file final_29.cif (mmCIF, C-alpha atoms and all ligand atoms)
data_my_file
#
loop_
_atom_site.label_atom_id
_atom_site.label_comp_id
_atom_site.auth_asym_id
_atom_site.auth_seq_id
_atom_site.Cartn_x
_atom_site.Cartn_y
_atom_site.Cartn_z
CA ASP A 1 57.49 115.24 197.24
CA LYS A 2 60.38 115.00 194.84
CA PHE A 3 63.08 112.35 195.21
CA ARG A 4 66.10 114.15 196.60
CA VAL A 5 69.53 113.44 195.08
CA LEU A 6 72.83 114.95 196.19
CA VAL A 7 75.80 115.20 193.82
CA CYS A 8 79.16 115.54 195.59
CA GLY A 9 81.77 117.34 193.51
CA GLY A 10 82.12 120.46 191.45
CA GLY A 11 83.97 119.49 188.27
CA ASN A 12 83.09 118.29 184.77
CA GLY A 13 81.26 115.11 185.72
CA ALA A 14 79.46 116.72 188.67
CA HIS A 15 78.03 119.38 186.33
CA VAL A 16 76.64 116.73 183.99
CA MET A 17 75.24 114.50 186.74
CA ALA A 18 73.61 117.39 188.62
CA GLY A 19 72.15 118.76 185.40
CA LEU A 20 70.74 115.44 184.21
CA ALA A 21 69.21 114.72 187.63
CA ALA A 22 67.74 118.22 187.92
CA ALA A 23 66.18 117.88 184.47
CA LYS A 24 63.89 115.12 185.74
CA PRO A 25 60.54 116.52 186.90
CA ASP A 26 60.29 114.20 189.90
CA ILE A 27 63.88 114.66 191.16
CA GLU A 28 65.33 117.48 193.24
CA ALA A 29 69.07 117.71 192.56
CA ARG A 30 71.39 119.31 195.10
CA VAL A 31 75.14 119.82 194.89
CA LEU A 32 77.80 119.74 197.60
CA THR A 33 81.16 121.07 196.50
CA LEU A 34 83.82 121.64 199.12
CA PHE A 35 86.56 122.89 196.86
CA ALA A 36 87.71 126.52 196.94
CA ASP A 37 84.96 128.97 195.92
CA GLU A 38 83.14 126.57 193.57
CA ALA A 39 79.88 126.61 195.55
CA ASP A 40 79.74 130.40 195.49
CA ARG A 41 80.56 130.62 191.79
CA TRP A 42 78.02 127.97 190.82
CA SER A 43 75.27 129.47 193.06
CA GLU A 44 75.92 132.92 191.62
CA SER A 45 75.54 131.60 188.09
CA LEU A 46 72.27 129.81 188.95
CA LYS A 47 70.72 133.10 190.07
CA THR A 48 70.62 134.26 186.46
CA ASN A 49 71.11 131.11 184.35
CA ASP A 50 70.00 127.54 184.00
CA LEU A 51 72.72 124.92 183.75
CA THR A 52 72.98 123.85 180.12
CA ILE A 53 74.26 120.44 179.08
CA LEU A 54 75.34 120.39 175.45
CA VAL A 55 75.24 116.88 174.01
CA LYS A 56 77.40 116.41 170.96
CA GLY A 57 75.49 114.59 168.25
CA SER A 58 77.09 111.34 167.09
CA ASP A 59 77.16 110.10 163.47
CA GLY A 60 76.31 113.48 161.98
CA GLN A 61 73.28 114.07 164.25
CA PRO A 62 72.87 117.68 165.43
CA ASP A 63 73.96 118.69 168.91
CA THR A 64 71.21 118.96 171.51
CA ALA A 65 70.90 120.95 174.73
CA ILE A 66 69.36 120.05 178.08
CA LYS A 67 68.56 122.88 180.47
CA ALA A 68 68.07 122.33 184.19
CA LYS A 69 68.46 123.96 187.57
CA PRO A 70 69.90 122.21 190.62
CA SER A 71 67.88 123.44 193.62
CA ILE A 72 70.93 124.39 195.70
CA VAL A 73 74.73 124.34 195.43
CA SER A 74 76.51 124.59 198.77
CA LYS A 75 79.74 123.87 200.56
CA LYS A 76 77.89 123.29 203.83
CA PRO A 77 76.87 119.65 204.21
CA GLU A 78 74.20 120.52 206.82
CA GLU A 79 72.37 122.55 204.14
CA VAL A 80 72.19 119.83 201.53
CA VAL A 81 72.65 116.30 202.93
CA PRO A 82 69.54 115.87 205.12
CA GLY A 83 66.69 114.14 203.32
CA CYS A 84 68.80 112.89 200.40
CA LYS A 85 68.10 109.26 199.54
CA MET A 86 70.81 109.03 196.93
CA ILE A 87 74.26 110.60 197.20
CA ILE A 88 76.35 110.43 194.03
CA PHE A 89 80.10 111.04 194.28
CA VAL A 90 81.33 112.44 190.98
CA VAL A 91 84.77 113.69 191.92
CA PRO A 92 88.34 112.37 191.57
CA ALA A 93 89.03 109.60 194.08
CA PHE A 94 91.59 111.61 196.08
CA ALA A 95 88.72 113.85 197.26
CA HIS A 96 86.35 111.03 198.33
CA ASN A 97 87.46 110.83 201.98
CA GLN A 98 87.02 114.55 202.51
CA TYR A 99 83.41 114.37 201.26
CA LEU A 100 82.64 111.26 203.31
CA ASP A 101 83.90 113.00 206.46
CA ALA A 102 81.77 116.03 205.63
CA ILE A 103 78.50 114.20 205.01
CA LYS A 104 78.90 111.66 207.84
CA PRO A 105 76.93 113.52 210.56
CA TYR A 106 73.95 114.13 208.26
CA VAL A 107 73.62 110.90 206.25
CA ASP A 108 70.25 109.21 206.33
CA PRO A 109 70.85 105.51 207.09
CA LYS A 110 68.28 104.63 204.42
CA CYS A 111 70.30 106.29 201.70
CA ILE A 112 72.45 104.79 198.98
CA ILE A 113 75.90 106.15 198.14
CA LEU A 114 77.24 105.93 194.61
CA GLY A 115 80.82 106.20 193.37
CA VAL A 116 80.98 107.27 189.73
CA PRO A 117 83.71 106.37 189.00
CA GLY A 118 84.20 104.22 192.07
CA PRO A 119 86.46 101.16 191.97
CA SER A 120 87.19 100.38 195.67
CA PHE A 121 84.97 103.30 196.77
CA ASP A 122 83.19 100.79 199.04
CA TYR A 123 86.32 100.61 201.27
CA ALA A 124 86.21 104.36 201.85
CA VAL A 125 82.48 104.27 202.58
CA ARG A 126 82.86 101.37 205.01
CA GLY A 127 86.07 102.76 206.49
CA ILE A 128 84.63 106.22 207.15
CA LEU A 129 80.85 105.87 207.52
CA GLY A 130 81.04 102.49 209.28
CA ASP A 131 77.59 101.46 210.50
CA LYS A 132 76.00 104.64 209.15
CA SER A 133 75.65 103.20 205.68
CA ASP A 134 75.81 99.73 204.24
CA ASN A 135 74.52 100.67 200.80
CA VAL A 136 76.97 101.37 198.00
CA LEU A 137 76.74 101.29 194.23
CA ILE A 138 79.98 101.67 192.29
CA PHE A 139 80.90 101.98 188.63
CA GLU A 140 84.14 101.36 186.80
CA THR A 141 84.29 104.76 185.11
CA LEU A 142 82.51 108.01 184.35
CA PRO A 143 79.61 107.54 181.88
CA TRP A 144 80.80 110.39 179.62
CA ALA A 145 83.74 112.27 178.26
CA CYS A 146 82.78 115.78 179.32
CA ARG A 147 84.20 119.26 179.82
CA ILE A 148 82.93 122.40 181.54
CA LYS A 149 82.65 125.25 179.05
CA GLU A 150 81.62 127.91 181.54
CA TYR A 151 81.61 127.23 185.27
CA GLY A 152 78.13 126.60 186.70
CA LYS A 153 76.54 127.49 183.39
CA GLU A 154 77.50 125.18 180.57
CA VAL A 155 79.04 121.74 180.26
CA GLU A 156 79.54 119.64 177.15
CA ILE A 157 79.15 115.88 176.76
CA LEU A 158 81.64 114.94 174.04
CA GLY A 159 80.63 111.30 174.06
CA SER A 160 78.87 108.69 176.20
CA LYS A 161 80.07 105.16 176.83
CA GLU A 162 77.73 102.50 175.41
CA THR A 163 77.80 100.45 178.58
CA ILE A 164 79.48 100.65 181.97
CA LEU A 165 79.99 97.96 184.57
CA GLY A 166 78.88 98.37 188.15
CA ALA A 167 78.11 96.49 191.34
CA ILE A 168 75.82 97.13 194.28
CA GLN A 169 75.89 96.04 197.89
CA GLY A 170 73.58 96.47 200.87
CA SER A 171 70.04 96.06 202.07
CA LEU A 172 68.59 98.62 199.64
CA SER A 173 70.02 96.94 196.52
CA THR A 174 66.62 96.00 195.14
CA ALA A 175 64.46 98.33 197.25
CA PRO A 176 61.99 100.64 195.47
CA ILE A 177 63.51 103.81 196.91
CA GLY A 178 63.45 105.99 193.78
CA PRO A 179 60.79 107.88 191.84
CA MET A 180 57.84 105.65 190.81
CA GLY A 181 59.28 102.84 192.92
CA LYS A 182 62.50 102.51 190.96
CA THR A 183 65.42 100.59 192.46
CA PRO A 184 68.73 102.44 192.93
CA VAL A 185 70.13 101.14 189.61
CA GLU A 186 66.89 101.95 187.76
CA THR A 187 66.97 105.43 189.26
CA LEU A 188 70.48 106.10 188.00
CA GLN A 189 69.57 104.72 184.58
CA TYR A 190 66.56 107.05 184.57
CA ILE A 191 68.86 110.02 185.32
CA LEU A 192 71.41 109.02 182.65
CA GLY A 193 68.89 108.26 179.90
CA ALA A 194 69.51 105.68 177.20
CA ALA A 195 73.33 105.63 177.37
CA PRO A 196 75.35 104.24 178.86
CA VAL A 197 73.48 101.05 179.65
CA LEU A 198 74.32 100.08 183.23
CA HIS A 199 75.46 96.48 183.71
CA VAL A 200 75.27 95.98 187.44
CA THR A 201 76.04 92.53 188.75
CA GLY A 202 78.17 90.72 191.31
CA HIS A 203 80.27 92.00 194.20
CA PRO A 204 81.94 95.45 194.13
CA LEU A 205 85.31 93.70 194.39
CA GLY A 206 84.72 92.51 190.82
CA ILE A 207 84.73 96.15 189.65
CA THR A 208 87.80 96.95 191.70
CA LEU A 209 89.78 94.03 190.26
CA MET A 210 88.61 94.82 186.71
CA ALA A 211 89.44 98.52 186.72
CA ALA A 212 91.27 100.27 183.89
CA HIS A 213 94.36 101.01 185.96
CA THR A 214 95.68 97.67 184.72
CA ILE A 215 95.87 99.13 181.21
CA HIS A 216 97.28 102.55 182.11
CA CYS A 217 99.87 101.37 184.64
CA ALA A 218 101.19 98.65 182.32
CA ILE A 219 101.60 101.14 179.48
CA MET A 220 103.33 103.67 181.72
CA TYR A 221 105.76 101.06 183.04
CA GLY A 222 106.31 99.48 179.65
CA THR A 223 107.06 102.82 178.03
CA TRP A 224 109.09 104.58 180.72
CA ALA A 225 110.70 102.10 183.12
CA ASN A 226 113.80 101.79 180.93
CA TRP A 227 113.79 105.36 179.67
CA ASP A 228 117.25 106.92 179.74
CA GLY A 229 115.98 110.28 181.00
CA LYS A 230 116.81 112.12 177.78
CA PRO A 231 114.03 114.41 176.48
CA LEU A 232 112.19 113.13 173.39
CA ASP A 233 111.71 115.11 170.18
CA LYS A 234 108.11 113.97 169.82
CA VAL A 235 105.31 112.71 172.02
CA PRO A 236 104.69 108.96 171.57
CA LEU A 237 101.24 107.49 171.03
CA PHE A 238 99.80 106.05 174.23
CA TYR A 239 97.88 102.98 173.05
CA GLN A 240 98.91 102.69 169.41
CA GLY A 241 102.58 102.92 170.43
CA VAL A 242 102.41 99.79 172.61
CA ASP A 243 105.08 97.20 171.75
CA GLU A 244 105.11 93.43 172.20
CA ALA A 245 106.77 93.56 175.62
CA THR A 246 104.28 96.10 177.00
CA ALA A 247 101.30 94.14 175.68
CA GLN A 248 102.75 91.04 177.35
CA LEU A 249 103.22 92.91 180.62
CA MET A 250 99.59 94.09 180.49
CA SER A 251 98.44 90.54 179.85
CA ASP A 252 100.58 89.22 182.73
CA LEU A 253 99.25 91.90 185.08
CA SER A 254 95.71 91.05 184.04
CA ASN A 255 96.42 87.37 184.68
CA GLU A 256 97.55 88.28 188.18
CA ASN A 257 94.19 89.98 188.76
CA LEU A 258 92.58 86.71 187.67
CA THR A 259 94.83 84.72 190.02
CA VAL A 260 93.76 86.96 192.90
CA THR A 261 90.14 86.54 191.83
CA GLU A 262 90.44 82.74 191.70
CA GLY A 263 92.17 82.70 195.10
CA ILE A 264 89.35 84.66 196.69
CA LYS A 265 86.69 82.54 194.99
CA ARG A 266 88.29 79.39 196.42
CA LYS A 267 88.01 80.83 199.93
CA ARG A 268 84.60 82.47 199.41
CA PRO A 269 82.75 80.50 196.71
CA ASP A 270 79.55 82.46 197.34
CA VAL A 271 81.07 85.78 196.27
CA ASP A 272 80.18 86.71 192.68
CA LEU A 273 83.30 88.07 190.95
CA SER A 274 82.05 87.29 187.47
CA GLN A 275 82.80 90.81 186.20
CA VAL A 276 86.54 90.12 186.35
CA LYS A 277 87.89 89.14 182.95
CA HIS A 278 91.21 89.11 181.18
CA VAL A 279 91.86 92.52 179.67
CA TYR A 280 91.75 91.05 176.13
CA ASP A 281 88.25 89.70 176.76
CA TRP A 282 87.21 93.02 178.30
CA PHE A 283 88.29 94.79 175.09
CA MET A 284 86.33 92.28 173.04
CA THR A 285 83.10 93.15 174.83
CA ARG A 286 83.77 96.87 175.30
CA TYR A 287 85.25 97.89 171.95
CA THR A 288 84.16 95.10 169.68
CA ASN A 289 83.12 97.45 166.86
CA ASP A 290 86.12 99.76 167.19
CA VAL A 291 88.95 97.23 166.98
CA GLN A 292 90.20 96.44 163.49
CA ASP A 293 92.70 93.65 164.22
CA LYS A 294 91.63 91.30 167.01
CA SER A 295 94.50 88.84 166.63
CA SER A 296 96.33 89.76 169.86
CA LEU A 297 96.22 92.18 172.79
CA LYS A 298 98.94 94.23 171.05
CA THR A 299 96.95 94.60 167.84
CA VAL A 300 93.79 95.35 169.81
CA LEU A 301 95.56 98.28 171.49
CA GLN A 302 97.17 99.43 168.26
CA THR A 303 94.02 99.28 166.09
CA ASN A 304 91.24 100.46 168.43
CA ASN A 305 89.56 103.45 166.72
CA ALA A 306 88.48 104.79 170.11
CA TYR A 307 92.18 105.21 170.97
CA ALA A 308 93.37 106.64 167.65
CA GLY A 309 95.82 109.50 168.08
CA LEU A 310 95.79 109.53 171.90
CA LYS A 311 99.28 110.42 173.13
CA HIS A 312 101.32 110.17 176.30
CA ASN A 313 101.00 113.11 178.67
CA MET A 314 104.31 114.91 178.45
CA LEU A 315 105.81 118.19 179.58
CA GLU A 316 107.51 120.38 176.99
CA ILE A 317 110.59 121.46 178.92
CA GLU A 318 111.98 123.48 176.03
CA PRO A 319 110.57 123.99 172.56
CA GLY A 320 110.28 120.59 170.86
CA LYS A 321 111.71 118.66 173.85
CA PHE A 322 109.40 116.43 175.87
CA VAL A 323 109.62 114.46 179.13
CA PRO A 324 106.89 112.22 180.61
CA ASP A 325 104.50 113.81 183.11
CA PHE A 326 104.50 111.36 186.00
CA THR A 327 101.99 113.55 187.89
CA HIS A 328 99.23 112.81 185.34
CA ARG A 329 96.28 110.76 186.62
CA TYR A 330 97.54 107.62 184.87
CA LEU A 331 99.99 107.35 187.75
CA SER A 332 98.78 109.85 190.36
CA GLU A 333 95.23 108.37 190.47
CA ASN A 334 95.67 104.93 188.96
CA VAL A 335 98.43 103.88 191.36
CA PRO A 336 96.99 104.91 194.76
CA PHE A 337 93.37 104.16 193.74
CA GLY A 338 94.05 101.22 191.44
CA LEU A 339 97.25 99.24 191.56
CA ALA A 340 97.86 99.79 195.29
CA VAL A 341 94.32 98.61 195.98
CA THR A 342 94.57 95.35 194.06
CA ARG A 343 98.00 94.76 195.65
CA GLY A 344 96.44 95.30 199.08
CA VAL A 345 93.59 92.92 198.30
CA ALA A 346 96.08 90.29 197.10
CA GLU A 347 98.00 90.64 200.35
CA VAL A 348 94.88 90.01 202.44
CA ALA A 349 94.03 87.04 200.23
CA GLY A 350 97.59 85.70 200.66
CA ILE A 351 98.42 85.68 196.95
CA GLU A 352 101.80 86.66 195.53
CA THR A 353 101.84 89.24 192.75
CA PRO A 354 105.36 89.73 191.35
CA ILE A 355 104.24 91.73 188.29
CA MET A 356 102.08 94.08 190.34
CA ASP A 357 104.93 94.53 192.81
CA LYS A 358 107.43 95.37 190.08
CA ILE A 359 105.18 98.03 188.57
CA LEU A 360 104.10 99.43 191.93
CA LEU A 361 107.68 99.77 193.22
CA TRP A 362 108.66 101.69 190.07
CA ALA A 363 105.53 103.87 190.06
CA GLN A 364 105.62 104.79 193.75
CA GLU A 365 109.18 106.01 193.31
CA LYS A 366 108.06 108.20 190.40
CA LEU A 367 105.29 109.59 192.63
CA GLY A 368 107.76 110.13 195.50
CA LYS A 369 105.72 107.90 197.80
CA GLU A 370 106.20 104.73 199.84
CA PHE A 371 103.33 102.27 199.71
CA LEU A 372 104.83 98.79 199.25
CA VAL A 373 107.78 98.28 201.60
CA ASN A 374 109.48 94.94 202.25
CA GLY A 375 106.73 93.08 200.42
CA LYS A 376 103.84 94.55 202.42
CA MET A 377 101.44 97.47 202.04
CA GLN A 378 102.89 99.21 205.07
CA GLY A 379 104.76 102.23 203.70
CA LYS A 380 104.43 105.61 205.37
CA ASP A 381 102.19 106.93 202.59
CA ILE A 382 99.49 104.25 202.46
CA GLN A 383 96.99 106.76 203.84
CA TYR A 384 97.17 108.42 200.42
CA THR A 385 95.90 105.20 198.84
CA ARG A 386 92.65 103.31 198.98
CA CYS A 387 94.26 99.98 199.70
CA PRO A 388 92.12 98.21 202.31
CA GLN A 389 94.99 98.39 204.81
CA ALA A 390 94.67 102.19 204.81
CA TYR A 391 91.23 101.79 206.44
CA GLY A 392 92.22 98.96 208.74
CA LEU A 393 90.40 96.41 206.57
CA THR A 394 92.73 93.46 206.98
CA THR A 395 90.65 90.30 206.57
CA LEU A 396 88.73 88.94 203.59
CA ASP A 397 85.47 89.54 205.46
CA ASP A 398 86.48 93.19 206.02
CA ILE A 399 87.17 93.59 202.32
CA LEU A 400 83.98 91.90 201.24
CA GLY A 401 81.89 93.76 203.81
CA HIS A 402 80.53 90.61 205.41
P1 LIG B 1 87.48 117.13 187.36
O1 LIG B 1 88.84 117.18 186.78
O2 LIG B 1 86.46 118.07 186.80
O3 LIG B 1 87.62 117.37 188.91
C1 LIG B 1 87.95 118.58 189.37
C2 LIG B 1 87.08 118.84 190.57
O4 LIG B 1 87.56 118.07 191.67
C3 LIG B 1 87.11 120.27 190.98
O5 LIG B 1 86.16 121.02 190.28
C4 LIG B 1 86.82 120.15 192.45
O6 LIG B 1 85.44 120.05 192.70
C5 LIG B 1 87.46 118.85 192.83
N1 LIG B 1 88.81 119.10 193.37
C6 LIG B 1 89.92 119.38 192.67
N2 LIG B 1 90.96 119.56 193.49
C7 LIG B 1 90.50 119.36 194.73
C8 LIG B 1 91.09 119.39 196.02
N3 LIG B 1 92.38 119.66 196.19
N4 LIG B 1 90.31 119.13 197.06
C9 LIG B 1 89.00 118.85 196.91
N5 LIG B 1 88.39 118.81 195.71
C10 LIG B 1 89.13 119.06 194.65
O7 LIG B 1 86.93 115.65 187.36
P2 LIG B 1 85.94 115.04 186.31
O8 LIG B 1 86.40 115.38 184.94
O9 LIG B 1 84.57 115.37 186.72
O10 LIG B 1 86.21 113.51 186.52
C11 LIG B 1 85.80 112.80 187.69
C12 LIG B 1 86.51 111.45 187.66
O11 LIG B 1 86.19 110.78 186.45
C13 LIG B 1 88.02 111.56 187.70
O12 LIG B 1 88.50 110.51 188.47
C14 LIG B 1 88.43 111.40 186.24
O13 LIG B 1 89.72 110.83 186.14
C15 LIG B 1 87.37 110.45 185.73
N6 LIG B 1 87.09 110.56 184.30
C16 LIG B 1 86.79 111.78 183.73
C17 LIG B 1 86.46 111.86 182.39
C18 LIG B 1 86.05 113.15 181.76
O14 LIG B 1 85.81 113.20 180.54
N7 LIG B 1 85.91 114.25 182.46
C19 LIG B 1 86.45 110.66 181.53
C20 LIG B 1 86.75 109.41 182.23
C21 LIG B 1 87.06 109.39 183.56
#
call {"tool": "encode", "arguments": {"input": "final_29.cif", "output": "C-alpha cells"}}
result
Amino acid sequence: DKFRVLVCGGGNGAHVMAGLAAAKPDIEARVLTLFADEADRWSESLKTNDLTILVKGSDGQPDTAIKAKPSIVSKKPEEVVPGCKMIIFVVPAFAHNQYLDAIKPYVDPKCIILGVPGPSFDYAVRGILGDKSDNVLIFETLPWACRIKEYGKEVEILGSKETILGAIQGSLSTAPIGPMGKTPVETLQYILGAAPVLHVTGHPLGITLMAAHTIHCAIMYGTWANWDGKPLDKVPLFYQGVDEATAQLMSDLSNENLTVTEGIKRKRPDVDLSQVKHVYDWFMTRYTNDVQDKSSLKTVLQTNNAYAGLKHNMLEIEPGKFVPDFTHRYLSENVPFGLAVTRGVAEVAGIETPIMDKILLWAQEKLGKEFLVNGKMQGKDIQYTRCPQAYGLTTLDDILGH
C-alpha cells in the first residue's frame, strides 16, 4: 500500500507539492481544492496529461522536468481525505479555515497536518479541529518561488530556498508514519528532494514569532506612513530603498518580538523558542552569501543580491503615475496572519508592544479593518485574523497547546 498524502490548495505551490509527492513511487498524492472550478479543470487536464514540474537550472545548469500524476483532484473532502496520513496545506492563509472545516469530519486522528507556509497555523488547527488532531508541522515560508504555466498541466520552479525553518508538535513528531518508516519531517524532505533543507526544531511559536511579516510590515510602514498621498512618478525599490529610519523601525520591531519571546520563556522555561532571532542575525544565516555589506541592518537590506531590483507593489492610476497597493499580501496577508498574531500573543503574555501597536493601527486602517481597539485585540474584524483571540485561545497554555 502506498503512503497517502493529501495536498490542500489549487494554486502555484499546491501544483508543485502535489507533483513532487506524486512523483515518488511509494506515495499516492491526492488534491483537495475548494476554490471555484479548479478541481474540475485540474481533473480534466489529468485525463490527457501528466503534471509537469519544470525546474529552472541554477548557475547555468540546464532546466529539468519532473512528470507525475496525482491520483485524484477533487473539491469533495469525503472523496479524498479518508486514509490520508499526511495533509499538507499549500494555500494562502486566508483560506486555511475553510479547508480545516471541510476536512474535519474525515480526518484520521493518526494523521499529521502541515502548514507550508504556516506561521501560527497551529492555532487554526487547534481552534477548528480541537481534539481531532494534535499533530502539526509548520514552516516559515514556501520552499520555492513558483508559478503555474498552464493550469493542472505545467508549473515552474523558478528557485528553491536553501533552507527553511519549521517546528513540529504532537504525539507523532518522531513516529515512523511515512514510507520506509520515515518520520513526518523525513517524509516531507523525501518529497522535496535535496532543497530546501528542512531545519525543524523547537516549538511552533518560535516560527510564528520569527516570521517574515516583521520585515514586510516595517518596510510598508516606514515607506508609506508619512506619504502625502500624491502619486509618484516612479516605483521605489522595496528592500534596496530602505532608509535609516525604516531599518531602525524593523530592528525595533524585531527587538519587540525578542522581548515577547523572553517574557514567555520566563513563564515557561521548558518551551524551546530558540528559532527566534533578531532579524539581522536571521539575515546573516539565511542570506550570508548574498549580502555584500554586512555592517548594519540597513546595508544588509540594501545590498542583498536576492533582493536586487524588487520594487514596491503599486497601482498605475494614470500613465506614469503610481500609488501604493495596500491590498497586496505584504499588508493583506502579513497583517492579519503575522503582525496581528504576534500582537495577540504579546497580549496573552502580558507584554507591551508600542512599536507593533503603532504599525498595526496604521496598517489596519489601510486595510479598512478593526483589530486592535483600545489597546486590546478585540476589534470587530479579529475573525479575519489568526490572532489566538480569534479562536478563543486566551491563556499561555492555550497558545502553546499544553
Ligand atoms: P496562489 O497565489 O497560487 O494561491 C491561489 C490559490 O488560492 C488559488 O488557486 C485557490 O486554490 C486559492 N484561493 C484563491 N482565492 C480563494 C478564495 N477566495 N477562497 C478559497 N481559495 C482561494 O498561492 P501560492 O503561490 O501557491 O502561495 C501559497 C502561499 O505561499 C501564499 O501565502 C504565498 O504568499 C506564499 N508564497 C508564495 C510564493 C510563490 O512563489 N508562489 C513564494 C513565497 C511565499
call {"tool": "residues_around", "arguments": {"input": "final_29.cif", "residues": "A:Ser251", "least_positions_apart": "6", "cutoff": "10 Å", "atoms": "only C-alpha atoms", "output": "list in words"}}
result
Thr214, Ile215, Ala218, Ala245, Asn257, His278, Val279, Tyr280, Leu297 and Lys298 of chain A
call {"tool": "atom_distance", "arguments": {"input": "final_29.cif", "atom1": "atom CA of A:Asp381", "atom2": "atom CA of A:Lys369"}}
result
6.0 Å
call {"tool": "residues_near_ligand", "arguments": {"input": "final_29.cif", "ligand": "ligand LIG 1 (chain B)", "cutoff": "7 Å", "atoms": "only C-alpha atoms and all ligand atoms", "output": "list in words"}}
result
Gly9, Gly10, Gly11, Asn12, Gly13, Ala14, Thr33, Leu34, Phe35, Glu38, Val90, Val91, Pro92, Ala93, Ala95, Pro117, Thr141, Leu142, Trp144, Ala145, Cys146, Arg147 and Arg329 of chain A
call {"tool": "atom_distance", "arguments": {"input": "final_29.cif", "atom1": "atom CA of A:Gly222", "atom2": "atom CA of A:Tyr239"}}
result
11.3 Å
call {"tool": "residues_near_point", "arguments": {"input": "final_29.cif", "point": "(82.7, 89.9, 186.7)", "cutoff": "8 Å", "atoms": "only C-alpha atoms", "output": "PDB file with C-alpha atoms, in the frame of the given file"}}
result
ATOM      1  CA  THR A 201      76.040  92.530 188.750  1.00  0.00           C
ATOM      2  CA  GLY A 202      78.170  90.720 191.310  1.00  0.00           C
ATOM      3  CA  GLY A 206      84.720  92.510 190.820  1.00  0.00           C
ATOM      4  CA  ILE A 207      84.730  96.150 189.650  1.00  0.00           C
ATOM      5  CA  MET A 210      88.610  94.820 186.710  1.00  0.00           C
ATOM      6  CA  ASP A 272      80.180  86.710 192.680  1.00  0.00           C
ATOM      7  CA  LEU A 273      83.300  88.070 190.950  1.00  0.00           C
ATOM      8  CA  SER A 274      82.050  87.290 187.470  1.00  0.00           C
ATOM      9  CA  GLN A 275      82.800  90.810 186.200  1.00  0.00           C
ATOM     10  CA  VAL A 276      86.540  90.120 186.350  1.00  0.00           C
ATOM     11  CA  LYS A 277      87.890  89.140 182.950  1.00  0.00           C
TER      12      LYS A 277
END
call {"tool": "residues_around", "arguments": {"input": "final_29.cif", "residues": "A:Leu367", "least_positions_apart": "3", "cutoff": "12 Å", "atoms": "all atoms listed in the file", "output": "PDB file with C-alpha atoms, keeping the file's coordinate frame"}}
result
ATOM      1  CA  ASP A 325     104.500 113.810 183.110  1.00  0.00           C
ATOM      2  CA  PHE A 326     104.500 111.360 186.000  1.00  0.00           C
ATOM      3  CA  THR A 327     101.990 113.550 187.890  1.00  0.00           C
ATOM      4  CA  HIS A 328      99.230 112.810 185.340  1.00  0.00           C
ATOM      5  CA  ARG A 329      96.280 110.760 186.620  1.00  0.00           C
ATOM      6  CA  TYR A 330      97.540 107.620 184.870  1.00  0.00           C
ATOM      7  CA  LEU A 331      99.990 107.350 187.750  1.00  0.00           C
ATOM      8  CA  SER A 332      98.780 109.850 190.360  1.00  0.00           C
ATOM      9  CA  GLU A 333      95.230 108.370 190.470  1.00  0.00           C
ATOM     10  CA  ASN A 334      95.670 104.930 188.960  1.00  0.00           C
ATOM     11  CA  VAL A 335      98.430 103.880 191.360  1.00  0.00           C
ATOM     12  CA  PRO A 336      96.990 104.910 194.760  1.00  0.00           C
ATOM     13  CA  LEU A 360     104.100  99.430 191.930  1.00  0.00           C
ATOM     14  CA  LEU A 361     107.680  99.770 193.220  1.00  0.00           C
ATOM     15  CA  TRP A 362     108.660 101.690 190.070  1.00  0.00           C
ATOM     16  CA  ALA A 363     105.530 103.870 190.060  1.00  0.00           C
ATOM     17  CA  GLN A 364     105.620 104.790 193.750  1.00  0.00           C
ATOM     18  CA  GLU A 370     106.200 104.730 199.840  1.00  0.00           C
ATOM     19  CA  PHE A 371     103.330 102.270 199.710  1.00  0.00           C
ATOM     20  CA  ASP A 381     102.190 106.930 202.590  1.00  0.00           C
ATOM     21  CA  TYR A 384      97.170 108.420 200.420  1.00  0.00           C
TER      22      TYR A 384
END
call {"tool": "residues_around", "arguments": {"input": "final_29.cif", "residues": "stretch 188-192 of chain A", "least_positions_apart": "5", "cutoff": "7 Å", "atoms": "all atoms listed in the file", "output": "PyMOL selection string"}}
result
chain A and resi 20-21+198
call {"tool": "residues_around", "arguments": {"input": "final_29.cif", "residues": "stretch 317-321 of chain A", "least_positions_apart": "5", "cutoff": "10 Å", "atoms": "all atoms listed in the file", "output": "PyMOL selection string"}}
result
chain A and resi 230-235
call {"tool": "residues_around", "arguments": {"input": "final_29.cif", "residues": "A:Ala195", "least_positions_apart": "4", "cutoff": "8 Å", "atoms": "all atoms listed in the file", "output": "list in words"}}
result
Pro143, Ser160, Lys161, Glu162 and Thr163 of chain A
